[in-house]
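The file entry.tsv contains TSV, C-alpha atoms:
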```
chain	number	residue	atom	x	y	z
A	1	MET	CA	-2.31	31.57	4.39
A	2	PRO	CA	-4.12	30.47	1.20
A	3	ASP	CA	-7.26	28.36	1.55
A	4	THR	CA	-6.10	25.64	-0.83
A	5	VAL	CA	-2.60	24.51	-1.75
A	6	THR	CA	-2.55	21.45	-3.97
A	7	ALA	CA	-0.03	18.82	-4.97
A	8	ALA	CA	0.44	15.81	-7.21
A	9	LEU	CA	2.80	12.88	-6.83
A	10	VAL	CA	4.40	11.09	-9.78
A	11	VAL	CA	5.78	7.69	-8.81
A	12	ILE	CA	8.31	6.54	-11.41
A	13	GLY	CA	9.52	3.01	-12.00
A	14	ASP	CA	8.81	-0.25	-13.78
A	15	GLU	CA	9.42	-2.05	-10.49
A	16	ILE	CA	6.31	-0.44	-9.00
A	17	LEU	CA	4.08	-1.33	-11.93
A	18	SER	CA	5.36	-4.92	-12.10
A	19	GLY	CA	4.69	-5.46	-8.41
A	20	ARG	CA	8.32	-6.25	-7.66
A	21	THR	CA	8.53	-3.25	-5.35
A	22	LYS	CA	5.60	-2.43	-3.08
A	23	ASP	CA	5.31	1.34	-2.89
A	24	VAL	CA	5.14	2.94	0.55
A	25	ASN	CA	6.03	6.46	-0.53
A	26	ILE	CA	2.47	7.41	-1.50
A	27	GLY	CA	1.28	7.10	2.09
A	28	THR	CA	4.31	8.97	3.39
A	29	VAL	CA	3.78	11.86	0.98
A	30	ALA	CA	0.06	11.94	1.76
A	31	ASP	CA	0.77	12.22	5.51
A	32	PHE	CA	3.42	14.86	4.84
A	33	CYS	CA	1.04	16.95	2.74
A	34	THR	CA	-1.80	16.64	5.26
A	35	ASP	CA	0.46	17.84	8.07
A	36	LEU	CA	1.37	20.94	6.05
A	37	GLY	CA	-2.16	21.74	4.91
A	38	ILE	CA	-1.43	20.70	1.32
A	39	ALA	CA	-4.14	18.79	-0.55
A	40	LEU	CA	-2.56	15.83	-2.33
A	41	SER	CA	-5.01	15.68	-5.21
A	42	GLU	CA	-3.52	13.22	-7.68
A	43	VAL	CA	-1.05	10.35	-7.84
A	44	ARG	CA	0.28	8.92	-11.09
A	45	VAL	CA	2.47	5.84	-11.45
A	46	VAL	CA	4.58	5.95	-14.61
A	47	SER	CA	6.91	3.41	-16.20
A	48	ASP	CA	10.54	4.05	-17.12
A	49	VAL	CA	9.66	5.60	-20.46
A	50	GLU	CA	11.02	9.10	-20.92
A	51	ASP	CA	8.17	10.50	-23.00
A	52	ASP	CA	5.60	9.14	-20.56
A	53	ILE	CA	7.39	10.76	-17.63
A	54	VAL	CA	7.63	14.06	-19.53
A	55	ALA	CA	3.92	13.97	-20.34
A	56	ALA	CA	2.95	13.20	-16.75
A	57	ILE	CA	5.13	15.94	-15.27
A	58	ASN	CA	3.96	18.57	-17.73
A	59	ALA	CA	0.32	17.65	-17.09
A	60	VAL	CA	0.47	17.91	-13.31
A	61	ARG	CA	2.87	20.83	-12.95
A	62	ALA	CA	0.45	23.02	-14.88
A	63	ARG	CA	-2.45	22.01	-12.65
A	64	TYR	CA	-1.16	21.87	-9.07
A	65	THR	CA	0.77	24.13	-6.71
A	66	TYR	CA	3.47	21.52	-6.11
A	67	VAL	CA	4.60	18.34	-7.83
A	68	PHE	CA	6.64	15.62	-6.12
A	69	THR	CA	8.32	12.76	-7.95
A	70	THR	CA	9.89	9.62	-6.49
A	71	GLY	CA	12.26	7.19	-8.17
A	72	GLY	CA	14.66	7.10	-11.08
A	73	ILE	CA	17.56	9.32	-9.94
A	74	GLY	CA	20.19	6.64	-9.36
A	75	PRO	CA	23.38	5.75	-11.29
A	76	THR	CA	22.07	3.22	-13.85
A	77	HIS	CA	20.80	3.51	-17.41
A	78	ASP	CA	17.15	3.13	-16.38
A	79	ASP	CA	17.36	6.06	-13.96
A	80	ILE	CA	15.96	8.62	-16.39
A	81	THR	CA	13.91	10.94	-14.20
A	82	ALA	CA	16.45	13.80	-14.40
A	83	ASP	CA	16.57	13.43	-18.19
A	84	ALA	CA	12.77	13.53	-18.41
A	85	VAL	CA	12.42	16.54	-16.12
A	86	ALA	CA	15.07	18.47	-18.07
A	87	LYS	CA	13.19	17.63	-21.26
A	88	ALA	CA	9.87	18.71	-19.74
A	89	PHE	CA	11.35	22.11	-18.88
A	90	GLY	CA	13.34	22.38	-22.11
A	91	VAL	CA	16.71	22.83	-20.38
A	92	GLY	CA	20.10	21.15	-20.37
A	93	LEU	CA	21.24	18.49	-17.92
A	94	PRO	CA	24.87	19.15	-16.98
A	95	VAL	CA	26.83	17.76	-14.05
A	96	ASN	CA	26.17	20.25	-11.27
A	97	PRO	CA	29.40	21.35	-9.51
A	98	GLU	CA	27.76	21.59	-6.09
A	99	ALA	CA	26.16	18.17	-6.43
A	100	ARG	CA	29.43	16.66	-7.63
A	101	ALA	CA	31.32	18.15	-4.70
A	102	MET	CA	28.79	16.76	-2.23
A	103	LEU	CA	29.06	13.30	-3.75
A	104	GLU	CA	32.84	13.30	-4.05
A	105	GLU	CA	33.18	14.30	-0.41
A	106	ARG	CA	31.10	11.27	0.60
A	107	TRP	CA	32.93	8.96	-1.83
A	108	LYS	CA	36.32	10.09	-0.56
A	109	ALA	CA	35.27	9.43	3.02
A	110	ASN	CA	34.20	5.85	2.31
A	111	GLY	CA	36.72	4.99	-0.39
A	112	THR	CA	34.24	4.83	-3.27
A	113	GLU	CA	35.56	5.20	-6.81
A	114	VAL	CA	34.41	8.19	-8.85
A	115	ASN	CA	33.14	6.86	-12.17
A	116	GLU	CA	30.83	7.83	-15.00
A	117	ALA	CA	27.85	5.90	-13.65
A	118	ARG	CA	28.01	7.49	-10.20
A	119	LEU	CA	28.38	10.95	-11.70
A	120	ARG	CA	24.98	10.51	-13.33
A	121	MET	CA	23.60	11.31	-9.89
A	122	ALA	CA	25.21	14.77	-10.05
A	123	ARG	CA	23.33	15.76	-13.21
A	124	ILE	CA	20.87	18.52	-12.40
A	125	PRO	CA	18.65	20.38	-14.91
A	126	GLU	CA	19.80	23.92	-15.57
A	127	GLY	CA	18.03	26.29	-13.21
A	128	GLY	CA	17.40	23.59	-10.65
A	129	THR	CA	18.35	23.82	-6.98
A	130	LEU	CA	19.49	20.90	-4.86
A	131	ILE	CA	17.45	18.96	-2.32
A	132	VAL	CA	19.82	17.80	0.39
A	133	ASN	CA	20.09	14.06	0.99
A	134	SER	CA	21.30	13.50	4.55
A	135	VAL	CA	21.27	9.71	4.13
A	136	SER	CA	23.45	8.94	1.10
A	137	ALA	CA	24.51	12.39	-0.18
A	138	ALA	CA	23.10	11.96	-3.73
A	139	PRO	CA	20.82	15.00	-3.96
A	140	GLY	CA	17.39	15.45	-5.36
A	141	PHE	CA	16.46	18.74	-6.98
A	142	ARG	CA	13.74	21.30	-7.45
A	143	ILE	CA	12.96	23.10	-10.68
A	144	GLY	CA	9.91	25.31	-10.95
A	145	ASN	CA	7.24	23.70	-8.80
A	146	VAL	CA	8.60	20.17	-9.33
A	147	HIS	CA	10.49	18.41	-6.52
A	148	VAL	CA	12.46	15.36	-7.66
A	149	MET	CA	13.28	12.84	-4.95
A	150	ALA	CA	14.68	9.36	-4.54
A	151	GLY	CA	12.51	6.25	-4.52
A	152	VAL	CA	14.22	4.59	-1.54
A	153	PRO	CA	11.77	5.32	1.30
A	154	LYS	CA	14.35	6.33	3.93
A	155	ILE	CA	16.06	8.73	1.51
A	156	MET	CA	12.76	10.10	0.22
A	157	GLN	CA	11.64	10.83	3.78
A	158	ALA	CA	14.88	12.71	4.47
A	159	MET	CA	14.33	14.77	1.34
A	160	LEU	CA	10.78	15.62	2.43
A	161	GLU	CA	12.17	16.89	5.71
A	162	ALA	CA	14.67	19.02	3.78
A	163	ILE	CA	12.04	20.68	1.59
A	164	ALA	CA	9.34	21.15	4.25
A	165	PRO	CA	10.52	24.65	5.27
A	166	THR	CA	10.37	25.79	1.62
A	167	LEU	CA	6.72	24.84	1.11
A	168	GLU	CA	3.71	27.03	1.78
A	169	GLY	CA	0.76	25.18	3.26
A	170	GLY	CA	-2.91	26.03	3.14
A	171	ALA	CA	-5.73	25.71	5.61
A	172	LYS	CA	-5.36	22.41	7.43
A	173	VAL	CA	-8.18	19.93	6.97
A	174	LYS	CA	-9.80	18.45	10.07
A	175	SER	CA	-11.19	14.93	9.98
A	176	LEU	CA	-13.91	13.18	11.95
A	177	THR	CA	-14.99	9.53	11.74
A	178	ILE	CA	-18.42	8.31	12.85
A	179	ARG	CA	-18.97	4.57	13.24
A	180	CYS	CA	-22.23	3.11	12.04
A	181	ARG	CA	-23.45	-0.42	12.85
A	182	VAL	CA	-25.45	-0.89	9.65
A	183	GLY	CA	-24.32	-1.41	6.07
A	184	GLU	CA	-23.88	1.28	3.45
A	185	GLY	CA	-27.05	0.28	1.64
A	186	SER	CA	-29.15	1.20	4.68
A	187	ILE	CA	-27.80	4.75	4.92
A	188	GLY	CA	-26.65	5.55	1.37
A	189	SER	CA	-29.57	7.75	0.36
A	190	ALA	CA	-29.76	9.70	3.61
A	191	PHE	CA	-25.98	10.13	3.71
A	192	GLY	CA	-26.05	11.47	0.15
A	193	ARG	CA	-28.69	14.04	1.08
A	194	ILE	CA	-26.53	15.30	3.93
A	195	GLN	CA	-23.58	15.61	1.55
A	196	ASP	CA	-25.80	17.75	-0.72
A	197	GLU	CA	-26.55	20.00	2.26
A	198	PHE	CA	-22.84	20.38	3.05
A	199	PRO	CA	-20.96	20.55	-0.28
A	200	ASP	CA	-18.02	22.19	1.53
A	201	VAL	CA	-17.53	19.12	3.76
A	202	LYS	CA	-16.08	16.05	2.07
A	203	MET	CA	-17.89	12.89	3.12
A	204	GLY	CA	-16.92	9.31	2.47
A	205	SER	CA	-18.30	5.91	3.44
A	206	TYR	CA	-15.97	2.99	4.09
A	207	PRO	CA	-17.13	-0.53	4.96
A	208	ARG	CA	-14.98	-2.13	7.62
A	209	MET	CA	-14.42	-5.68	6.47
A	210	GLY	CA	-13.36	-8.74	8.42
A	211	SER	CA	-15.26	-8.12	11.64
A	212	THR	CA	-18.06	-10.36	12.88
A	213	SER	CA	-20.57	-7.50	12.88
A	214	VAL	CA	-21.44	-4.94	10.23
A	215	MET	CA	-19.48	-1.74	10.53
A	216	THR	CA	-19.43	1.30	8.28
A	217	GLU	CA	-17.10	4.22	8.95
A	218	LEU	CA	-18.36	7.61	7.80
A	219	VAL	CA	-15.51	10.10	7.38
A	220	LEU	CA	-16.07	13.85	7.25
A	221	ARG	CA	-13.31	16.29	6.32
A	222	SER	CA	-13.21	20.09	6.21
A	223	PRO	CA	-10.90	23.00	7.09
A	224	ASP	CA	-13.91	24.75	8.68
A	225	GLU	CA	-14.38	23.33	12.17
A	226	ALA	CA	-17.81	24.91	12.63
A	227	ARG	CA	-19.16	23.45	9.40
A	228	LEU	CA	-17.56	20.09	10.20
A	229	ALA	CA	-19.26	20.03	13.61
A	230	LEU	CA	-22.63	20.93	12.12
A	231	ALA	CA	-22.38	18.25	9.44
A	232	ALA	CA	-21.25	15.69	12.01
A	233	GLU	CA	-24.32	16.47	14.13
A	234	ARG	CA	-26.57	15.70	11.15
A	235	VAL	CA	-24.70	12.48	10.39
A	236	ARG	CA	-24.90	11.31	14.01
A	237	ALA	CA	-28.65	11.88	13.98
A	238	MET	CA	-28.94	9.90	10.75
A	239	VAL	CA	-26.94	7.03	12.22
A	240	ALA	CA	-29.05	7.02	15.39
A	241	VAL	CA	-32.19	6.61	13.29
A	242	ALA	CA	-30.56	3.83	11.26
A	243	HIS	CA	-29.56	2.03	14.45
A	244	ALA	CA	-33.06	2.36	15.89
A	245	ASN	CA	-34.62	1.02	12.70
A	246	ALA	CA	-32.28	-1.96	12.87
A	247	GLY	CA	-33.04	-2.59	16.53
A	248	LEU	CA	-29.56	-1.59	17.66
A	249	ALA	CA	-29.12	0.22	20.94
A	250	GLU	CA	-25.42	1.07	20.59
A	251	GLU	CA	-24.44	4.69	20.90
A	252	VAL	CA	-22.95	6.43	17.90
A	253	GLU	CA	-19.16	6.44	18.18
A	254	ALA	CA	-16.96	9.20	16.81
A	255	TYR	CA	-13.24	9.89	16.88
```
Please express what this file holds, its structure, as structure tokens.
Amino acid sequence: MPDTVTAALVVIGDEILSGRTKDVNIGTVADFCTDLGIALSEVRVVSDVEDDIVAAINAVRARYTYVFTTGGIGPTHDDITADAVAKAFGVGLPVNPEARAMLEERWKANGTEVNEARLRMARIPEGGTLIVNSVSAAPGFRIGNVHVMAGVPKIMQAMLEAIAPTLEGGAKVKSLTIRCRVGEGSIGSAFGRIQDEFPDVKMGSYPRMGSTSVMTELVLRSPDEARLALAAERVRAMVAVAHANAGLAEEVEAY
């Protein structure tokens, strides 16, 4: 198992950038990657402009182990993700016989007319393989390290389930959260020094807003449980000192 397997997500669609559609797929893909030991390292949101999609895909596919895209594989003129991916790889975009057969079987069953617009969903870049869509039949596809999926959350989730067995994960990252009852400004310098001592443990500080008392959550993440435990011990000691200095008697909480 490799130590680090990385991924990027390209979210495609004017409706995301305009605010008309509130994206939920980023969180779903992040959870999916974490479960498999894949580090989701970058997310880009791109408008429905072919050259911009091409540029984004080419940039991330050269940098990360896997690339996932969501959106833009439907039957209308603004669904141009397949066109952009084919252009990025420099290949043709024919109607794929297997994809067409899958779609026509579904259409026949529910009495849907076969027309030019719907057949757009059967266009697959040459060299691509299909990603099964158990929800609505219209497939996604994989070419190289790029996995092209629907933007509809339920369909995208089904496609993730379909590709999961084909992905190789890395070392899974463990996470620990320590709650601190003082603000970030009181612990920032000391917390930074601990991070310098443990460069292999990612550390983040997150104020918890909206409560009546001050609360800062300190999150530590590492695939090495021993190093994570050692770093957490140092952070707990730091928090205990900060609490004492502030006259707080509460025990340090961790989960």
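With only C-alpha atoms as the atoms that count, the residue of A:Phe198, A:Tyr206, A:Trp107, A:Phe32 with the shortest distance to A:Gly185 is A:Tyr206.
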Check: Hey, which of A:Phe68, A:Arg123, A:Gly27, A:Ala237 ends up closest to A:Leu93? Count all atoms listed in the file.
Finding: A:Arg123
Next item on the list: Extract, using all atoms listed in the file, all DNA, RNA and protein residues at most 9 Å from stretch 133-139 of chain A, discarding same-chain residues fewer than 4 positions from it, and format them as number ranges by chain.
Entry: A: 73-74, 99-100, 102-103, 105-106, 121-122, 149-150, 154-156, 158-159, 162
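Summary of the local environment: counting all atoms listed in the file, residues at most 12 Å from A:Arg193, other than itself and those fewer than 6 positions away along its chain, are Ile187, Pro199, Met203, Ala231, Arg234, Val235 and Met238 of chain A.
Using all atoms listed in the file, the smallest distance between any of A:Thr34, A:Ser41, A:Thr28, A:Thr81 and A:Ile53 comes from A:Thr81.
Comparing A:Val148, A:Ile194, A:Leu228, A:Leu17 by their smallest distance to A:Ile131, the closest is A:Val148 (using all atoms listed in the file).
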Checklist line | Near-A:Glu225 list (12 Å; only C-alpha atoms; drop same-chain fewer than 4 positions) as an NGL selection string | finding: :A and (171-176 or 200-201 or 220-221 or 229-232)
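The interatomic distance for the pair atom CA of A:Thr177 and atom CA of A:Phe191 works out to 13.6 Å.
The shortest atom-to-atom distance to A:Ile80, with only C-alpha atoms taken into account, belongs to A:Gly13 out of A:Pro97, A:Gly37, A:Gly144, A:Gly13.
In this model, the gap between atom CA of A:Glu126 and atom CA of A:Val152 comes to 24.5 Å.
Proximity to A:Thr166 at 12 Å, evaluated using all atoms listed in the file and with sequence-adjacent residues fewer than 4 positions away removed, yields Leu36, Tyr66, Thr129, Ile131, Arg142, Asn145, His147, Met159, Leu160, Glu161 and Ala162 of chain A.
The coordinates place atom CA of A:Gly19 at 17.1 Å from atom CA of A:Asp78.
Minimum atom-to-atom distance to A:Asp35, evaluated using all atoms listed in the file, belongs to A:Leu167 out of A:Leu167, A:Val95, A:Val114, A:Ala8.
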Could I get stretch 67-94 of chain A rebuilt with N, CA and C atoms, written as a PDB file, in the coordinates of the input?
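Once written, result_36.pdb looks like this:
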```pdb
ATOM      1  N   VAL A  67       4.498  19.695  -7.295  1.00  0.00           N
ATOM      2  CA  VAL A  67       4.600  18.340  -7.830  1.00  0.00           C
ATOM      3  C   VAL A  67       5.781  17.672  -7.129  1.00  0.00           C
ATOM      4  N   PHE A  68       5.573  16.444  -6.694  1.00  0.00           N
ATOM      5  CA  PHE A  68       6.640  15.620  -6.120  1.00  0.00           C
ATOM      6  C   PHE A  68       6.826  14.398  -7.009  1.00  0.00           C
ATOM      7  N   THR A  69       8.067  14.009  -7.242  1.00  0.00           N
ATOM      8  CA  THR A  69       8.320  12.760  -7.950  1.00  0.00           C
ATOM      9  C   THR A  69       9.204  11.883  -7.075  1.00  0.00           C
ATOM     10  N   THR A  70       9.035  10.568  -7.202  1.00  0.00           N
ATOM     11  CA  THR A  70       9.890   9.620  -6.490  1.00  0.00           C
ATOM     12  C   THR A  70      10.399   8.586  -7.481  1.00  0.00           C
ATOM     13  N   GLY A  71      11.683   8.262  -7.364  1.00  0.00           N
ATOM     14  CA  GLY A  71      12.260   7.190  -8.170  1.00  0.00           C
ATOM     15  C   GLY A  71      13.009   7.683  -9.395  1.00  0.00           C
ATOM     16  N   GLY A  72      13.991   6.869  -9.806  1.00  0.00           N
ATOM     17  CA  GLY A  72      14.660   7.100 -11.080  1.00  0.00           C
ATOM     18  C   GLY A  72      15.762   8.119 -11.083  1.00  0.00           C
ATOM     19  N   ILE A  73      16.452   8.356  -9.934  1.00  0.00           N
ATOM     20  CA  ILE A  73      17.560   9.320  -9.940  1.00  0.00           C
ATOM     21  C   ILE A  73      18.867   8.670  -9.483  1.00  0.00           C
ATOM     22  N   GLY A  74      18.980   7.368  -9.722  1.00  0.00           N
ATOM     23  CA  GLY A  74      20.190   6.640  -9.360  1.00  0.00           C
ATOM     24  C   GLY A  74      21.246   6.656 -10.444  1.00  0.00           C
ATOM     25  N   PRO A  75      22.224   5.716 -10.394  1.00  0.00           N
ATOM     26  CA  PRO A  75      23.380   5.750 -11.290  1.00  0.00           C
ATOM     27  C   PRO A  75      23.270   4.870 -12.544  1.00  0.00           C
ATOM     28  N   THR A  76      22.146   4.170 -12.741  1.00  0.00           N
ATOM     29  CA  THR A  76      22.070   3.220 -13.850  1.00  0.00           C
ATOM     30  C   THR A  76      21.302   3.768 -15.039  1.00  0.00           C
ATOM     31  N   HIS A  77      21.371   3.025 -16.139  1.00  0.00           N
ATOM     32  CA  HIS A  77      20.800   3.510 -17.410  1.00  0.00           C
ATOM     33  C   HIS A  77      19.294   3.732 -17.349  1.00  0.00           C
ATOM     34  N   ASP A  78      18.603   2.998 -16.459  1.00  0.00           N
ATOM     35  CA  ASP A  78      17.150   3.130 -16.380  1.00  0.00           C
ATOM     36  C   ASP A  78      16.717   4.229 -15.405  1.00  0.00           C
ATOM     37  N   ASP A  79      17.670   4.921 -14.807  1.00  0.00           N
ATOM     38  CA  ASP A  79      17.360   6.060 -13.960  1.00  0.00           C
ATOM     39  C   ASP A  79      17.291   7.309 -14.833  1.00  0.00           C
ATOM     40  N   ILE A  80      16.108   7.585 -15.350  1.00  0.00           N
ATOM     41  CA  ILE A  80      15.960   8.620 -16.390  1.00  0.00           C
ATOM     42  C   ILE A  80      15.082   9.784 -15.944  1.00  0.00           C
ATOM     43  N   THR A  81      14.793   9.867 -14.655  1.00  0.00           N
ATOM     44  CA  THR A  81      13.910  10.940 -14.200  1.00  0.00           C
ATOM     45  C   THR A  81      14.526  12.316 -14.462  1.00  0.00           C
ATOM     46  N   ALA A  82      15.808  12.486 -14.165  1.00  0.00           N
ATOM     47  CA  ALA A  82      16.450  13.800 -14.400  1.00  0.00           C
ATOM     48  C   ALA A  82      16.393  14.159 -15.880  1.00  0.00           C
ATOM     49  N   ASP A  83      16.637  13.179 -16.747  1.00  0.00           N
ATOM     50  CA  ASP A  83      16.570  13.430 -18.190  1.00  0.00           C
ATOM     51  C   ASP A  83      15.168  13.898 -18.592  1.00  0.00           C
ATOM     52  N   ALA A  84      14.150  13.209 -18.047  1.00  0.00           N
ATOM     53  CA  ALA A  84      12.770  13.530 -18.410  1.00  0.00           C
ATOM     54  C   ALA A  84      12.365  14.911 -17.889  1.00  0.00           C
ATOM     55  N   VAL A  85      12.780  15.238 -16.671  1.00  0.00           N
ATOM     56  CA  VAL A  85      12.420  16.540 -16.120  1.00  0.00           C
ATOM     57  C   VAL A  85      13.101  17.658 -16.904  1.00  0.00           C
ATOM     58  N   ALA A  86      14.363  17.470 -17.251  1.00  0.00           N
ATOM     59  CA  ALA A  86      15.070  18.470 -18.070  1.00  0.00           C
ATOM     60  C   ALA A  86      14.344  18.653 -19.403  1.00  0.00           C
ATOM     61  N   LYS A  87      13.913  17.552 -19.992  1.00  0.00           N
ATOM     62  CA  LYS A  87      13.190  17.630 -21.260  1.00  0.00           C
ATOM     63  C   LYS A  87      11.850  18.331 -21.087  1.00  0.00           C
ATOM     64  N   ALA A  88      11.158  18.061 -19.992  1.00  0.00           N
ATOM     65  CA  ALA A  88       9.870  18.710 -19.740  1.00  0.00           C
ATOM     66  C   ALA A  88      10.006  20.221 -19.635  1.00  0.00           C
ATOM     67  N   PHE A  89      11.123  20.679 -19.048  1.00  0.00           N
ATOM     68  CA  PHE A  89      11.350  22.110 -18.880  1.00  0.00           C
ATOM     69  C   PHE A  89      12.136  22.724 -20.042  1.00  0.00           C
ATOM     70  N   GLY A  90      12.605  21.882 -20.962  1.00  0.00           N
ATOM     71  CA  GLY A  90      13.340  22.380 -22.110  1.00  0.00           C
ATOM     72  C   GLY A  90      14.690  22.971 -21.761  1.00  0.00           C
ATOM     73  N   VAL A  91      15.400  22.323 -20.807  1.00  0.00           N
ATOM     74  CA  VAL A  91      16.710  22.830 -20.380  1.00  0.00           C
ATOM     75  C   VAL A  91      17.747  21.728 -20.472  1.00  0.00           C
ATOM     76  N   GLY A  92      19.015  22.115 -20.348  1.00  0.00           N
ATOM     77  CA  GLY A  92      20.100  21.150 -20.370  1.00  0.00           C
ATOM     78  C   GLY A  92      20.211  20.380 -19.072  1.00  0.00           C
ATOM     79  N   LEU A  93      21.067  19.338 -19.097  1.00  0.00           N
ATOM     80  CA  LEU A  93      21.240  18.490 -17.920  1.00  0.00           C
ATOM     81  C   LEU A  93      22.729  18.264 -17.659  1.00  0.00           C
ATOM     82  N   PRO A  94      23.434  19.306 -17.232  1.00  0.00           N
ATOM     83  CA  PRO A  94      24.870  19.150 -16.980  1.00  0.00           C
ATOM     84  C   PRO A  94      25.153  18.574 -15.605  1.00  0.00           C
TER      85      PRO A  94
END
```
